[in-house]
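For reference, my_file.pdb is printed below; it contains PDB, C-alpha atoms.
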ATOM      1  CA  MET A  82     -41.535  20.291  70.200
ATOM      2  CA  ALA A  83     -43.037  22.927  72.473
ATOM      3  CA  GLY A  84     -45.238  24.061  69.581
ATOM      4  CA  TYR A  85     -46.522  20.489  69.169
ATOM      5  CA  TRP A  86     -47.586  20.259  72.808
ATOM      6  CA  ARG A  87     -49.238  23.668  72.638
ATOM      7  CA  ILE A  88     -51.338  22.495  69.695
ATOM      8  CA  LEU A  89     -52.162  19.230  71.502
ATOM      9  CA  VAL A  90     -53.309  21.012  74.664
ATOM     10  CA  LEU A  91     -55.398  23.480  72.687
ATOM     11  CA  GLY A  92     -56.854  20.636  70.654
ATOM     12  CA  LEU A  93     -57.880  18.707  73.773
ATOM     13  CA  ALA A  94     -59.597  21.739  75.210
ATOM     14  CA  ILE A  95     -61.385  22.559  71.961
ATOM     15  CA  ALA A  96     -62.450  18.924  71.418
ATOM     16  CA  ALA A  97     -64.466  19.012  74.642
ATOM     17  CA  SER A  98     -66.012  22.399  73.919
ATOM     18  CA  GLY A  99     -68.435  24.009  71.554
ATOM     19  CA  CYS A 100     -65.644  25.767  69.628
ATOM     20  CA  VAL A 101     -64.974  24.882  66.005
ATOM     21  CA  PRO A 102     -61.219  24.501  65.320
ATOM     22  CA  ILE A 103     -59.915  26.198  62.171
ATOM     23  CA  PRO A 104     -56.367  25.043  61.349
ATOM     24  CA  PHE A 105     -54.259  27.232  59.058
ATOM     25  CA  LYS A 106     -50.691  27.487  57.794
ATOM     26  CA  PRO A 107     -49.251  30.998  58.254
ATOM     27  CA  SER A 108     -46.874  32.628  55.806
ATOM     28  CA  ALA A 109     -43.111  32.486  56.324
ATOM     29  CA  SER A 110     -40.122  34.342  54.902
ATOM     30  CA  VAL A 111     -36.469  33.457  54.304
ATOM     31  CA  THR A 112     -33.476  35.790  54.554
ATOM     32  CA  HIS A 113     -29.875  35.059  53.536
ATOM     33  CA  VAL A 114     -26.883  35.942  55.703
ATOM     34  CA  PRO A 115     -23.226  34.922  55.139
ATOM     35  CA  VAL A 116     -21.857  32.443  57.687
ATOM     36  CA  THR A 117     -18.852  33.880  59.512
ATOM     37  CA  ALA A 118     -15.937  31.699  60.621
ATOM     38  CA  GLU A 119     -16.746  32.470  64.256
ATOM     39  CA  GLU A 120     -20.360  31.365  63.858
ATOM     40  CA  ALA A 121     -19.378  28.243  61.903
ATOM     41  CA  SER A 122     -17.181  27.111  64.789
ATOM     42  CA  THR A 123     -20.200  27.120  67.165
ATOM     43  CA  ILE A 124     -22.447  25.002  64.919
ATOM     44  CA  THR A 125     -22.340  21.221  65.373
ATOM     45  CA  VAL A 126     -23.425  19.064  62.433
ATOM     46  CA  SER A 127     -25.094  15.679  63.001
ATOM     47  CA  ALA A 128     -27.410  13.147  61.377
ATOM     48  CA  SER A 129     -29.666  12.333  64.295
ATOM     49  CA  ALA A 130     -31.054  15.533  65.875
ATOM     50  CA  HIS A 131     -34.354  17.098  64.719
ATOM     51  CA  ARG A 132     -35.084  14.040  62.537
ATOM     52  CA  GLY A 133     -38.771  14.830  62.811
ATOM     53  CA  MET A 134     -38.147  17.930  60.688
ATOM     54  CA  LEU A 135     -35.474  16.535  58.339
ATOM     55  CA  GLU A 136     -37.411  13.786  56.599
ATOM     56  CA  PRO A 137     -40.516  15.877  55.708
ATOM     57  CA  LEU A 138     -38.204  18.701  54.630
ATOM     58  CA  ALA A 139     -36.234  16.421  52.309
ATOM     59  CA  LYS A 140     -39.485  15.190  50.737
ATOM     60  CA  SER A 141     -40.747  18.758  50.306
ATOM     61  CA  ILE A 142     -37.517  19.819  48.578
ATOM     62  CA  HIS A 143     -37.707  16.895  46.157
ATOM     63  CA  HIS A 144     -41.399  17.642  45.523
ATOM     64  CA  ALA A 145     -40.589  21.294  44.719
ATOM     65  CA  GLU A 146     -37.763  20.276  42.358
ATOM     66  CA  PRO A 147     -37.762  16.589  41.306
ATOM     67  CA  ARG A 148     -34.198  16.894  39.937
ATOM     68  CA  ILE A 149     -32.932  17.235  43.508
ATOM     69  CA  VAL A 150     -31.926  13.837  44.860
ATOM     70  CA  VAL A 151     -31.470  13.651  48.629
ATOM     71  CA  VAL A 152     -28.533  11.382  49.496
ATOM     72  CA  ASP A 153     -27.350   9.882  52.784
ATOM     73  CA  GLY A 154     -25.046  12.249  54.661
ATOM     74  CA  THR A 155     -23.630   9.688  57.109
ATOM     75  CA  PRO A 156     -20.524   8.865  55.009
ATOM     76  CA  TYR A 157     -19.771  12.580  54.693
ATOM     77  CA  LEU A 158     -20.014  13.076  58.458
ATOM     78  CA  ALA A 159     -17.579  10.193  58.975
ATOM     79  CA  SER A 160     -15.099  11.844  56.594
ATOM     80  CA  LEU A 161     -15.094  15.190  58.397
ATOM     81  CA  ALA A 162     -11.909  16.113  60.204
ATOM     82  CA  GLY A 163     -12.015  17.890  63.554
ATOM     83  CA  SER A 164     -14.967  17.959  65.959
ATOM     84  CA  GLY A 165     -17.792  17.842  63.417
ATOM     85  CA  THR A 166     -18.586  21.560  63.246
ATOM     86  CA  LEU A 167     -19.699  23.626  60.280
ATOM     87  CA  ARG A 168     -16.246  25.211  60.357
ATOM     88  CA  ASP A 169     -14.782  21.793  59.552
ATOM     89  CA  VAL A 170     -17.082  21.740  56.513
ATOM     90  CA  VAL A 171     -16.238  25.202  55.191
ATOM     91  CA  SER A 172     -12.513  24.882  55.874
ATOM     92  CA  GLY A 173     -12.149  21.630  53.943
ATOM     93  CA  ASP A 174     -10.446  21.319  50.574
ATOM     94  CA  GLU A 175     -12.487  22.544  47.627
ATOM     95  CA  GLY A 176     -14.413  19.686  46.070
ATOM     96  CA  SER A 177     -13.501  17.188  48.802
ATOM     97  CA  GLY A 178     -17.166  16.566  49.608
ATOM     98  CA  ALA A 179     -18.410  16.918  46.039
ATOM     99  CA  ALA A 180     -17.822  13.223  45.347
ATOM    100  CA  LEU A 181     -20.748  12.484  47.667
ATOM    101  CA  ALA A 182     -23.094  15.415  46.977
ATOM    102  CA  ASP A 183     -23.290  18.825  45.356
ATOM    103  CA  TYR A 184     -24.810  20.652  48.328
ATOM    104  CA  LEU A 185     -25.133  20.289  52.066
ATOM    105  CA  LEU A 186     -28.120  21.687  53.965
ATOM    106  CA  CYS A 187     -27.888  21.723  57.776
ATOM    107  CA  VAL A 188     -31.142  22.506  59.592
ATOM    108  CA  GLY A 189     -31.549  23.785  63.138
ATOM    109  CA  SER A 190     -34.375  23.081  65.536
ATOM    110  CA  PRO A 191     -37.513  25.268  65.241
ATOM    111  CA  VAL A 192     -37.957  27.828  68.030
ATOM    112  CA  GLN A 193     -41.375  29.060  69.181
ATOM    113  CA  ARG A 194     -41.974  32.250  71.146
ATOM    114  CA  GLN A 195     -45.111  34.119  72.225
ATOM    115  CA  LEU A 196     -45.109  37.841  71.487
ATOM    116  CA  HIS A 197     -48.468  39.178  72.694
ATOM    117  CA  ASP A 198     -51.617  37.908  74.371
ATOM    118  CA  THR A 199     -54.668  40.165  74.068
ATOM    119  CA  GLY A 200     -58.097  39.636  75.638
ATOM    120  CA  LEU A 201     -59.316  36.660  77.634
ATOM    121  CA  ALA A 202     -61.247  33.508  76.785
ATOM    122  CA  ALA A 203     -61.991  31.010  79.542
ATOM    123  CA  PRO A 204     -64.049  27.824  79.954
ATOM    124  CA  PHE A 205     -66.856  27.321  82.434
ATOM    125  CA  PRO A 206     -66.350  24.144  84.552
ATOM    126  CA  TYR A 207     -69.108  22.093  82.928
ATOM    127  CA  PHE A 208     -69.134  19.328  80.347
ATOM    128  CA  PRO A 209     -69.233  19.982  77.524
ATOM    129  CA  VAL A 210     -67.016  22.946  78.255
ATOM    130  CA  ILE A 211     -68.548  26.322  77.452
ATOM    131  CA  TRP A 212     -66.035  28.904  76.285
ATOM    132  CA  VAL A 213     -66.806  32.597  76.656
ATOM    133  CA  GLY A 214     -64.668  35.525  75.588
ATOM    134  CA  TYR A 215     -62.185  36.668  72.988
ATOM    135  CA  GLU A 216     -58.443  36.103  73.024
ATOM    136  CA  LYS A 217     -55.765  36.786  70.423
ATOM    137  CA  VAL A 218     -52.246  35.405  70.791
ATOM    138  CA  GLN A 219     -49.455  36.574  68.489
ATOM    139  CA  SER A 220     -46.429  34.286  68.184
ATOM    140  CA  ARG A 221     -43.248  33.894  66.191
ATOM    141  CA  ALA A 222     -41.661  30.684  64.951
ATOM    142  CA  SER A 223     -38.184  30.528  63.449
ATOM    143  CA  LEU A 224     -35.317  28.279  62.488
ATOM    144  CA  THR A 225     -31.851  28.691  61.042
ATOM    145  CA  ALA A 226     -30.287  26.522  58.351
ATOM    146  CA  SER A 227     -26.890  26.531  56.644
ATOM    147  CA  LEU A 228     -26.460  25.900  52.919
ATOM    148  CA  VAL A 229     -23.042  24.885  51.587
ATOM    149  CA  ASP A 230     -21.951  24.384  47.973
ATOM    150  CA  LEU A 231     -19.595  21.433  48.410
ATOM    151  CA  HIS A 232     -17.784  22.362  45.197
ATOM    152  CA  VAL A 233     -16.886  25.695  46.854
ATOM    153  CA  PRO A 234     -17.432  25.026  50.598
ATOM    154  CA  HIS A 235     -15.975  28.346  51.766
ATOM    155  CA  ALA A 236     -19.064  30.155  50.445
ATOM    156  CA  ALA A 237     -21.541  28.891  53.061
ATOM    157  CA  GLU A 238     -24.576  30.970  53.911
ATOM    158  CA  SER A 239     -27.196  31.018  56.634
ATOM    159  CA  LEU A 240     -30.900  30.820  55.780
ATOM    160  CA  GLU A 241     -33.047  32.384  58.494
ATOM    161  CA  VAL A 242     -36.689  31.307  58.238
ATOM    162  CA  SER A 243     -39.375  33.022  60.313
ATOM    163  CA  SER A 244     -43.147  33.238  60.616
ATOM    164  CA  THR A 245     -45.160  35.693  62.716
ATOM    165  CA  TYR A 246     -48.811  34.782  63.121
ATOM    166  CA  SER A 247     -51.875  35.181  65.350
ATOM    167  CA  GLU A 248     -54.283  32.617  66.815
ATOM    168  CA  VAL A 249     -57.759  33.659  67.929
ATOM    169  CA  ILE A 250     -60.514  32.160  70.031
ATOM    170  CA  ALA A 251     -63.884  33.913  69.996
ATOM    171  CA  ALA A 252     -66.812  32.282  71.729
ATOM    172  CA  ALA A 253     -70.089  32.824  73.549
ATOM    173  CA  VAL A 254     -71.146  29.232  74.349
ATOM    174  CA  TYR A 255     -70.263  28.347  70.750
ATOM    175  CA  GLY A 256     -67.448  29.903  68.767
ATOM    176  CA  VAL A 257     -64.329  29.402  66.671
ATOM    177  CA  ALA A 258     -60.661  28.897  67.483
ATOM    178  CA  THR A 259     -57.845  29.138  64.940
ATOM    179  CA  ILE A 260     -54.939  26.695  65.265
ATOM    180  CA  SER A 261     -51.752  27.524  63.376
ATOM    181  CA  ARG A 262     -49.246  25.136  61.809
ATOM    182  CA  PRO A 263     -46.022  27.147  62.077
ATOM    183  CA  GLN A 264     -43.608  24.249  61.595
ATOM    184  CA  ALA A 265     -45.286  23.383  58.293
ATOM    185  CA  ALA A 266     -44.877  27.031  57.259
ATOM    186  CA  LEU A 267     -41.160  27.022  58.127
ATOM    187  CA  ARG A 268     -40.579  23.692  56.386
ATOM    188  CA  ASP A 269     -42.363  24.656  53.169
ATOM    189  CA  ALA A 270     -40.721  28.096  52.980
ATOM    190  CA  LEU A 271     -37.254  26.611  53.435
ATOM    191  CA  ALA A 272     -37.938  23.789  50.969
ATOM    192  CA  THR A 273     -39.149  26.213  48.294
ATOM    193  CA  GLU A 274     -36.188  28.549  48.800
ATOM    194  CA  VAL A 275     -33.609  25.766  48.632
ATOM    195  CA  ALA A 276     -35.245  24.093  45.627
ATOM    196  CA  HIS A 277     -35.427  27.334  43.622
ATOM    197  CA  ARG A 278     -31.869  28.277  44.533
ATOM    198  CA  LEU A 279     -30.364  24.955  43.531
ATOM    199  CA  ALA A 280     -32.434  24.702  40.340
ATOM    200  CA  ALA A 281     -31.331  28.185  39.273
ATOM    201  CA  GLU A 282     -27.658  27.329  39.812
ATOM    202  CA  HIS A 283     -28.007  23.961  38.016
ATOM    203  CA  PRO A 284     -30.511  24.370  35.125
ATOM    204  CA  THR A 285     -30.021  20.785  33.894
ATOM    205  CA  GLY A 286     -29.181  17.401  35.347
ATOM    206  CA  ALA A 287     -29.565  15.810  38.738
ATOM    207  CA  ILE A 288     -28.645  17.758  41.874
ATOM    208  CA  ARG A 289     -27.370  15.779  44.864
ATOM    209  CA  LEU A 290     -28.255  17.202  48.278
ATOM    210  CA  MET A 291     -27.408  16.037  51.788
ATOM    211  CA  VAL A 292     -29.790  17.163  54.559
ATOM    212  CA  LEU A 293     -28.345  17.053  58.072
ATOM    213  CA  ALA A 294     -29.116  18.656  61.415
ATOM    214  CA  GLN A 295     -27.273  21.443  63.187
ATOM    215  CA  ASP A 296     -27.129  22.710  66.754
ATOM    216  CA  GLY A 297     -25.745  25.963  68.098
ATOM    217  CA  GLY A 298     -25.041  29.097  66.089
ATOM    218  CA  VAL A 299     -27.195  32.211  66.345
ATOM    219  CA  ALA A 300     -30.628  30.556  66.522
ATOM    220  CA  GLU A 301     -33.132  32.407  68.695
ATOM    221  CA  PRO A 302     -33.185  31.178  72.294
ATOM    222  CA  ASP A 303     -36.159  28.980  73.127
ATOM    223  CA  PRO A 304     -38.291  30.860  75.704
ATOM    224  CA  ASN A 305     -40.364  27.743  76.365
ATOM    225  CA  LEU A 306     -37.625  25.855  78.215
ATOM    226  CA  GLY A 307     -39.085  27.009  81.517
ATOM    227  CA  GLU A 308     -42.648  25.925  80.723
ATOM    228  CA  ASP A 309     -44.482  23.131  82.514
ATOM    229  CA  PRO A 310     -43.483  19.662  81.279
ATOM    230  CA  PRO A 311     -45.758  18.274  78.531
ATOM    231  CA  ALA A 312     -47.473  15.785  80.866
ATOM    232  CA  GLN A 313     -48.435  18.567  83.248
ATOM    233  CA  ALA A 314     -49.687  20.756  80.404
ATOM    234  CA  VAL A 315     -51.933  17.950  79.138
ATOM    235  CA  ALA A 316     -53.196  17.296  82.666
ATOM    236  CA  ASP A 317     -54.099  20.986  83.012
ATOM    237  CA  ALA A 318     -56.099  20.872  79.773
ATOM    238  CA  GLN A 319     -57.921  17.733  80.842
ATOM    239  CA  ALA A 320     -58.758  19.304  84.211
ATOM    240  CA  ALA A 321     -60.219  22.325  82.419
ATOM    241  CA  ALA A 322     -62.457  19.999  80.381
ATOM    242  CA  ARG A 323     -63.993  18.345  83.472
TER     243      ARG A 323
END
Show how you would write the structure in this file as structure tokens.
Amino acid sequence: MAGYWRILVLGLAIAASGCVPIPFKPSASVTHVPVTAEEASTITVSASAHRGMLEPLAKSIHHAEPRIVVVDGTPYLASLAGSGTLRDVVSGDEGSGAALADYLLCVGSPVQRQLHDTGLAAPFPYFPVIWVGYEKVQSRASLTASLVDLHVPHAAESLEVSSTYSEVIAAAVYGVATISRPQAALRDALATEVAHRLAAEHPTGAIRLMVLAQDGGVAEPDPNLGEDPPAQAVADAQAAAR
């Protein structure tokens, strides 16, 4: 969510300036790590959190491999014993969830963090705003997901998706400003990885997949929790455009 507001603020500032916005989707990579029992006990599975990411992700997975059918995970959540953690999933009887789906994908919330900020670009207080300078900001976006084969639930694994990218503004009255789409990069990388993995394991026939949300685990801490609230950030951008 913090990444969304950052893009909105930058967009408001650019809209009132002579800069030309250049949106782009950075590259992203996926690594596989086994889920330990200790980690699984700290991950809570639900159907409601991060819904803004889940629905586009489910569509992207089906688009990458049409044989994958995304099914409702609510009945499975209701059948889970315990407190609704990933450990309850992986410690269940083999095949107990396979009547509802073949695989379960639990997706964490994307985390955005700024790595470096080089140079300086600032607006003059006129309208339209005149930007002057050069600034390059390097950032990293990431999310963690858990993939479980419900026929063999003890073999869960963590998919760690990350994207490191740079945004640039270069202007002397007129200029250009790049605007990244990191969440789209994370979503598409995860969708492609999951689709290829499931298709390779099931060469023929339909593949049933449940897509749920997860909280906790070893996801990177969100450094933006201490930022100004979104309303204040927008107000700052509007003030800069006056």
Atom pair CA of Ser223 (chain A) + CA of Ile149 (chain A), distance 24.5 Å
Among A:Pro156, A:Pro263, A:Gly298, A:Gly189, Ser247 (chain A) is approached most closely, using all atoms listed in the file, by A:Pro263
When you look at Leu161 (chain A) with a cut-off of 12 Å (counting all atoms listed in the file), what residues show up, excluding the ones that are within fewer than 3 positions of it in the same chain? I need them as a PyMOL selection string. chain A and resi 125-127+154-158+164-174+177-178
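Once Thr225 (chain A) and its same-chain neighbours fewer than 6 positions away are set aside, A:Val188, A:Gly189, A:Ser190, A:Pro191, A:Ser239, A:Leu240, A:Glu241, A:Val242, A:Val299, A:Ala300 remain within 8 Å of it when counting all atoms listed in the file.
In this model, the gap between CA of Ile260 (chain A) and CA of His144 (chain A) comes to 25.6 Å.
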CA of Ala251 (chain A) to CA of Pro104 (chain A): how many Å, to one decimal?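 Taking CA of Ala251 (chain A) as the start and CA of Pro104 (chain A) as the end point, the length is 14.5 Å.
Counting only C-alpha atoms and comparing A:Ala145, A:Leu279, A:Leu228, A:Ala222, the residue that lies closest to Leu186 (chain A) is A:Leu228.
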Item checked: Nearest-residue call for Leu293 (chain A), choices A:Pro102, A:Ala118, A:Val111, A:Cys187, using all atoms listed in the file ->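 Once distances to Leu293 (chain A) are computed over all atoms listed in the file, the minimum belongs to A:Cys187.
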Applying the PyMOL selection byres ((chain A and resi 262) around 9) to the file I just gave you, which residues come out? Please list them as a PyMOL selection string. chain A and resi 84+88+104-107+260-261+263-266
task: Go through A:Leu181, A:Ile103, A:Val114, A:Leu138 one by one, measure the shortest atom-to-atom distance of each to Val275 (chain A) using only C-alpha atoms, and give the residue with the smallest value.
output: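 Of A:Leu181, A:Ile103, A:Val114, A:Leu138, the one nearest Val275 (chain A) is A:Leu138, counting only C-alpha atoms.
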Please provide as a ChimeraX atom specification all residues within 12 Å of Pro147 (chain A), with the sequence filter that same-chain residues fewer than 6 positions apart are discarded (counting only C-alpha atoms). /A:139-141,273,276-277,279-280,285-290
Using all atoms listed in the file, collect all residues at a distance of at most 7 Å from (-21.3, 31.5, 55.7) as written in the file, then present them as a short mmCIF file (atom, residue, chain, number, x, y, z; two decimals) with C-alpha atoms, in the frame of the given file.
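Wrote it out as out_15.cif, contents follow:
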data_model
loop_
_atom_site.label_atom_id
_atom_site.label_comp_id
_atom_site.auth_asym_id
_atom_site.auth_seq_id
_atom_site.Cartn_x
_atom_site.Cartn_y
_atom_site.Cartn_z
CA PRO A 115 -23.23 34.92 55.14
CA VAL A 116 -21.86 32.44 57.69
CA THR A 117 -18.85 33.88 59.51
CA ALA A 236 -19.06 30.16 50.44
CA ALA A 237 -21.54 28.89 53.06
CA GLU A 238 -24.58 30.97 53.91
CA SER A 239 -27.20 31.02 56.63
#
If you count only C-alpha atoms, the residue of A:Val218, A:Val257, A:Leu271, A:Leu185 closest to His197 (chain A) turns out to be A:Val218
**Message:** Using all atoms listed in the file for the distances, tell me which of A:Val101, A:Ser122, A:Arg278, A:Thr245 is nearest to Gln195 (chain A).
**Reply:**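 Selected residue with least distance to Gln195 (chain A): A:Thr245.
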Using 6 Å of padding on each side, determine the axis-aligned box around all atoms of region 188-202 of chain A present in the file and give its centre and edge lengths in Å to one decimal, as AutoDock Vina command-line options.
--center_x -46.2 --center_y 31.3 --center_z 68.6 --size_x 42.1 --size_y 29.7 --size_z 30.0
Practice task
For the structure shown, which residues end up in the PyMOL selection byres ((chain A and resi 110) around 7)? Put them as a PyMOL selection string, please?
Solution key: chain A and resi 109+111-112+242-244+270
Please rebuild region 223-239 of chain A with N, CA, C and O atoms and return the result as a PDB file, keeping the file's coordinate frame.
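File out.pdb, as written:
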ATOM      1  N   SER A 223     -39.360  30.297  64.285  1.00  0.00           N
ATOM      2  CA  SER A 223     -38.184  30.528  63.449  1.00  0.00           C
ATOM      3  C   SER A 223     -37.254  29.323  63.490  1.00  0.00           C
ATOM      4  O   SER A 223     -37.318  28.492  64.399  1.00  0.00           O
ATOM      5  N   LEU A 224     -36.407  29.245  62.488  1.00  0.00           N
ATOM      6  CA  LEU A 224     -35.317  28.279  62.488  1.00  0.00           C
ATOM      7  C   LEU A 224     -34.200  28.820  61.601  1.00  0.00           C
ATOM      8  O   LEU A 224     -34.423  29.677  60.748  1.00  0.00           O
ATOM      9  N   THR A 225     -33.014  28.297  61.827  1.00  0.00           N
ATOM     10  CA  THR A 225     -31.851  28.691  61.042  1.00  0.00           C
ATOM     11  C   THR A 225     -31.258  27.463  60.371  1.00  0.00           C
ATOM     12  O   THR A 225     -31.129  26.406  60.997  1.00  0.00           O
ATOM     13  N   ALA A 226     -30.914  27.606  59.097  1.00  0.00           N
ATOM     14  CA  ALA A 226     -30.287  26.522  58.351  1.00  0.00           C
ATOM     15  C   ALA A 226     -29.034  27.063  57.665  1.00  0.00           C
ATOM     16  O   ALA A 226     -28.904  28.269  57.446  1.00  0.00           O
ATOM     17  N   SER A 227     -28.124  26.152  57.335  1.00  0.00           N
ATOM     18  CA  SER A 227     -26.890  26.531  56.644  1.00  0.00           C
ATOM     19  C   SER A 227     -26.812  25.780  55.327  1.00  0.00           C
ATOM     20  O   SER A 227     -26.992  24.554  55.304  1.00  0.00           O
ATOM     21  N   LEU A 228     -26.554  26.499  54.249  1.00  0.00           N
ATOM     22  CA  LEU A 228     -26.460  25.900  52.919  1.00  0.00           C
ATOM     23  C   LEU A 228     -25.029  26.035  52.421  1.00  0.00           C
ATOM     24  O   LEU A 228     -24.470  27.137  52.403  1.00  0.00           O
ATOM     25  N   VAL A 229     -24.439  24.908  52.020  1.00  0.00           N
ATOM     26  CA  VAL A 229     -23.042  24.885  51.587  1.00  0.00           C
ATOM     27  C   VAL A 229     -22.943  24.251  50.205  1.00  0.00           C
ATOM     28  O   VAL A 229     -23.459  23.146  49.984  1.00  0.00           O
ATOM     29  N   ASP A 230     -22.288  24.950  49.275  1.00  0.00           N
ATOM     30  CA  ASP A 230     -21.951  24.384  47.973  1.00  0.00           C
ATOM     31  C   ASP A 230     -20.666  23.584  48.170  1.00  0.00           C
ATOM     32  O   ASP A 230     -19.600  24.154  48.411  1.00  0.00           O
ATOM     33  N   LEU A 231     -20.750  22.273  48.106  1.00  0.00           N
ATOM     34  CA  LEU A 231     -19.595  21.433  48.410  1.00  0.00           C
ATOM     35  C   LEU A 231     -18.512  21.508  47.341  1.00  0.00           C
ATOM     36  O   LEU A 231     -17.399  21.031  47.566  1.00  0.00           O
ATOM     37  N   HIS A 232     -18.818  22.114  46.193  1.00  0.00           N
ATOM     38  CA  HIS A 232     -17.784  22.362  45.197  1.00  0.00           C
ATOM     39  C   HIS A 232     -16.943  23.574  45.605  1.00  0.00           C
ATOM     40  O   HIS A 232     -15.771  23.670  45.243  1.00  0.00           O
ATOM     41  N   VAL A 233     -17.575  24.507  46.337  1.00  0.00           N
ATOM     42  CA  VAL A 233     -16.886  25.695  46.854  1.00  0.00           C
ATOM     43  C   VAL A 233     -17.331  25.876  48.307  1.00  0.00           C
ATOM     44  O   VAL A 233     -18.126  26.761  48.627  1.00  0.00           O
ATOM     45  N   PRO A 234     -16.881  25.042  49.236  1.00  0.00           N
ATOM     46  CA  PRO A 234     -17.432  25.026  50.598  1.00  0.00           C
ATOM     47  C   PRO A 234     -17.196  26.293  51.399  1.00  0.00           C
ATOM     48  O   PRO A 234     -17.885  26.534  52.392  1.00  0.00           O
ATOM     49  N   HIS A 235     -16.246  27.128  50.988  1.00  0.00           N
ATOM     50  CA  HIS A 235     -15.975  28.346  51.766  1.00  0.00           C
ATOM     51  C   HIS A 235     -17.096  29.371  51.631  1.00  0.00           C
ATOM     52  O   HIS A 235     -17.151  30.330  52.407  1.00  0.00           O
ATOM     53  N   ALA A 236     -17.989  29.183  50.687  1.00  0.00           N
ATOM     54  CA  ALA A 236     -19.064  30.155  50.445  1.00  0.00           C
ATOM     55  C   ALA A 236     -20.370  29.709  51.094  1.00  0.00           C
ATOM     56  O   ALA A 236     -21.417  29.710  50.472  1.00  0.00           O
ATOM     57  N   ALA A 237     -20.321  29.310  52.362  1.00  0.00           N
ATOM     58  CA  ALA A 237     -21.541  28.891  53.061  1.00  0.00           C
ATOM     59  C   ALA A 237     -22.383  30.105  53.419  1.00  0.00           C
ATOM     60  O   ALA A 237     -21.870  31.194  53.640  1.00  0.00           O
ATOM     61  N   GLU A 238     -23.696  29.888  53.483  1.00  0.00           N
ATOM     62  CA  GLU A 238     -24.576  30.970  53.911  1.00  0.00           C
ATOM     63  C   GLU A 238     -25.672  30.457  54.818  1.00  0.00           C
ATOM     64  O   GLU A 238     -26.049  29.288  54.773  1.00  0.00           O
ATOM     65  N   SER A 239     -26.158  31.352  55.667  1.00  0.00           N
ATOM     66  CA  SER A 239     -27.196  31.018  56.634  1.00  0.00           C
ATOM     67  C   SER A 239     -28.551  31.440  56.087  1.00  0.00           C
ATOM     68  O   SER A 239     -28.707  32.559  55.576  1.00  0.00           O
TER      69      SER A 239
END
